[in-house]
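Structure file input-v4.txt (compact mmCIF, C-alpha atoms) follows.
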```
# COMPACT_ATOMS: atom_id res chain seq x y z
CA MET L 1 -12.66 10.80 -4.85
CA ALA L 2 -9.85 8.87 -6.46
CA ILE L 3 -7.26 8.74 -9.19
CA ARG L 4 -7.19 6.27 -12.05
CA CYS L 5 -4.49 5.36 -14.53
CA LYS L 6 -5.29 5.50 -18.23
CA LEU L 7 -2.22 3.57 -19.38
CA SER L 8 -4.34 0.78 -20.86
CA THR L 9 -6.11 3.31 -23.10
CA LEU L 10 -2.83 4.85 -24.27
CA MET L 11 -1.35 1.41 -24.90
CA GLY L 12 -4.41 0.39 -26.88
CA GLU L 13 -4.18 3.45 -29.09
CA LYS L 14 -0.55 2.63 -29.93
CA ARG L 15 -1.21 -1.13 -29.98
CA TYR L 16 1.54 -1.71 -27.41
CA ASN L 17 1.53 -4.67 -25.07
CA ILE L 18 3.18 -4.74 -21.64
CA GLN L 19 6.37 -6.29 -23.05
CA ALA L 20 6.70 -3.54 -25.68
CA VAL L 21 6.33 -0.79 -23.07
CA HIS L 22 8.89 -2.58 -20.88
CA GLU L 23 11.38 -2.81 -23.75
CA LYS L 24 10.89 0.82 -24.82
CA THR L 25 11.08 2.34 -21.31
CA GLY L 26 13.01 -0.06 -19.10
CA ILE L 27 10.17 0.04 -16.56
CA ALA L 28 9.65 -3.28 -14.76
CA ARG L 29 6.95 -5.45 -16.30
CA SER L 30 5.27 -5.80 -12.90
CA ALA L 31 5.03 -2.01 -12.52
CA ILE L 32 3.56 -1.64 -16.02
CA SER L 33 1.08 -4.44 -15.34
CA LYS L 34 -0.09 -2.80 -12.10
CA LEU L 35 -0.55 0.52 -13.89
CA TYR L 36 -2.28 -1.16 -16.85
CA HIS L 37 -4.77 -2.87 -14.56
CA ASP L 38 -5.10 0.26 -12.37
CA LYS L 39 -3.96 -1.69 -9.29
CA THR L 40 -1.12 0.54 -8.10
CA ASN L 41 -1.05 2.79 -5.04
CA ARG L 42 1.80 5.05 -6.11
CA ILE L 43 3.85 5.97 -9.13
CA ASP L 44 7.45 7.15 -9.28
CA TYR L 45 8.31 10.43 -11.02
CA ASP L 46 10.84 8.60 -13.20
CA THR L 47 8.13 6.15 -14.31
CA LEU L 48 5.77 9.02 -15.12
CA ASN L 49 8.51 10.74 -17.09
CA LYS L 50 9.33 7.63 -19.14
CA LEU L 51 5.67 6.92 -19.93
CA CYS L 52 4.98 10.54 -20.89
CA GLU L 53 8.00 10.49 -23.21
CA LEU L 54 6.94 7.19 -24.80
CA PHE L 55 3.35 8.26 -25.40
CA ASP L 56 4.18 11.92 -26.07
CA CYS L 57 1.61 12.97 -23.48
CA THR L 58 1.25 14.90 -20.25
CA VAL L 59 0.75 13.50 -16.77
CA GLY L 60 -2.90 14.52 -17.05
CA ASP L 61 -3.24 12.27 -20.10
CA LEU L 62 -1.85 9.36 -18.10
CA ILE L 63 -3.60 9.74 -14.76
CA GLU L 64 -7.00 11.19 -14.01
CA TYR L 65 -8.70 12.50 -10.87
CA TYR L 66 -12.37 11.64 -10.59
CA THR L 67 -15.16 11.91 -8.04
CA ASP L 68 -17.63 9.29 -6.85
CA GLU L 69 -20.25 11.07 -8.96
CA ASP L 70 -18.13 10.59 -12.09
CA LYS L 71 -17.81 6.90 -11.25
CA GLU L 72 -21.58 6.53 -10.89
CA ASN L 73 -22.13 8.30 -14.24
CA ASP L 74 -19.70 5.84 -15.89
CA LYS L 75 -21.74 2.91 -14.58
CA ILE L 76 -24.97 4.38 -15.99
CA ASN L 77 -23.47 5.07 -19.43
```

Could the structure of this file be written out as structure tokens, please?
Amino acid sequence: MAIRCKLSTLMGEKRYNIQAVHEKTGIARSAISKLYHDKTNRIDYDTLNKLCELFDCTVGDLIEYYTDEDKENDKIN
């Protein structure tokens, strides 16, 4: 069981790059990059709030809980 960040998907839909998200939110580029590449271990509430405001989404749209079974199904499809 794990959690994954869907920031890259949201950024792709809006055609934002890491620099654009940094400029619009004030979040450090390194933090955005880690979230984009799903390489972070934690996320600050303030960061979640800024990203949800920017993308007009909920936390559930930004991060997702999944099981090992879901991960296996993704590999098959």

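For the pair atom CA of L:Ile32 and atom CA of L:Ile18, the separation is 6.4 Å.
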
Using only C-alpha atoms, which residues of stretch 8-28 of chain L come within 9 Å of stretch 51-66 of chain L, and what is the closest atom pair for each, with the distance in Å to one decimal? Give it as JSON lines, sorted by chain and residue number.
```
{"residue": "L:Thr9", "atom": "CA", "partner": "L:Leu62", "partner_atom": "CA", "distance": 8.9}
{"residue": "L:Leu10", "atom": "CA", "partner": "L:Phe55", "partner_atom": "CA", "distance": 7.1}
{"residue": "L:Met11", "atom": "CA", "partner": "L:Phe55", "partner_atom": "CA", "distance": 8.3}
{"residue": "L:Lys14", "atom": "CA", "partner": "L:Phe55", "partner_atom": "CA", "distance": 8.2}
{"residue": "L:Val21", "atom": "CA", "partner": "L:Leu54", "partner_atom": "CA", "distance": 8.2}
{"residue": "L:Lys24", "atom": "CA", "partner": "L:Leu54", "partner_atom": "CA", "distance": 7.5}
{"residue": "L:Thr25", "atom": "CA", "partner": "L:Leu51", "partner_atom": "CA", "distance": 7.2}
{"residue": "L:Ile27", "atom": "CA", "partner": "L:Leu51", "partner_atom": "CA", "distance": 8.9}
```

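Interatomic distance, atom CA of L:Asp46 to atom CA of L:Thr67: 26.7 Å.
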
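The spacing separating atom CA of L:Asp44 from atom CA of L:Arg15 amounts to 23.9 Å.
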
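Remark: for L:Asn49, the closest of the candidate residues L:Lys34, L:Gly12, L:Asn17, L:Gly26 is L:Gly26 (distances computed over all atoms listed in the file).
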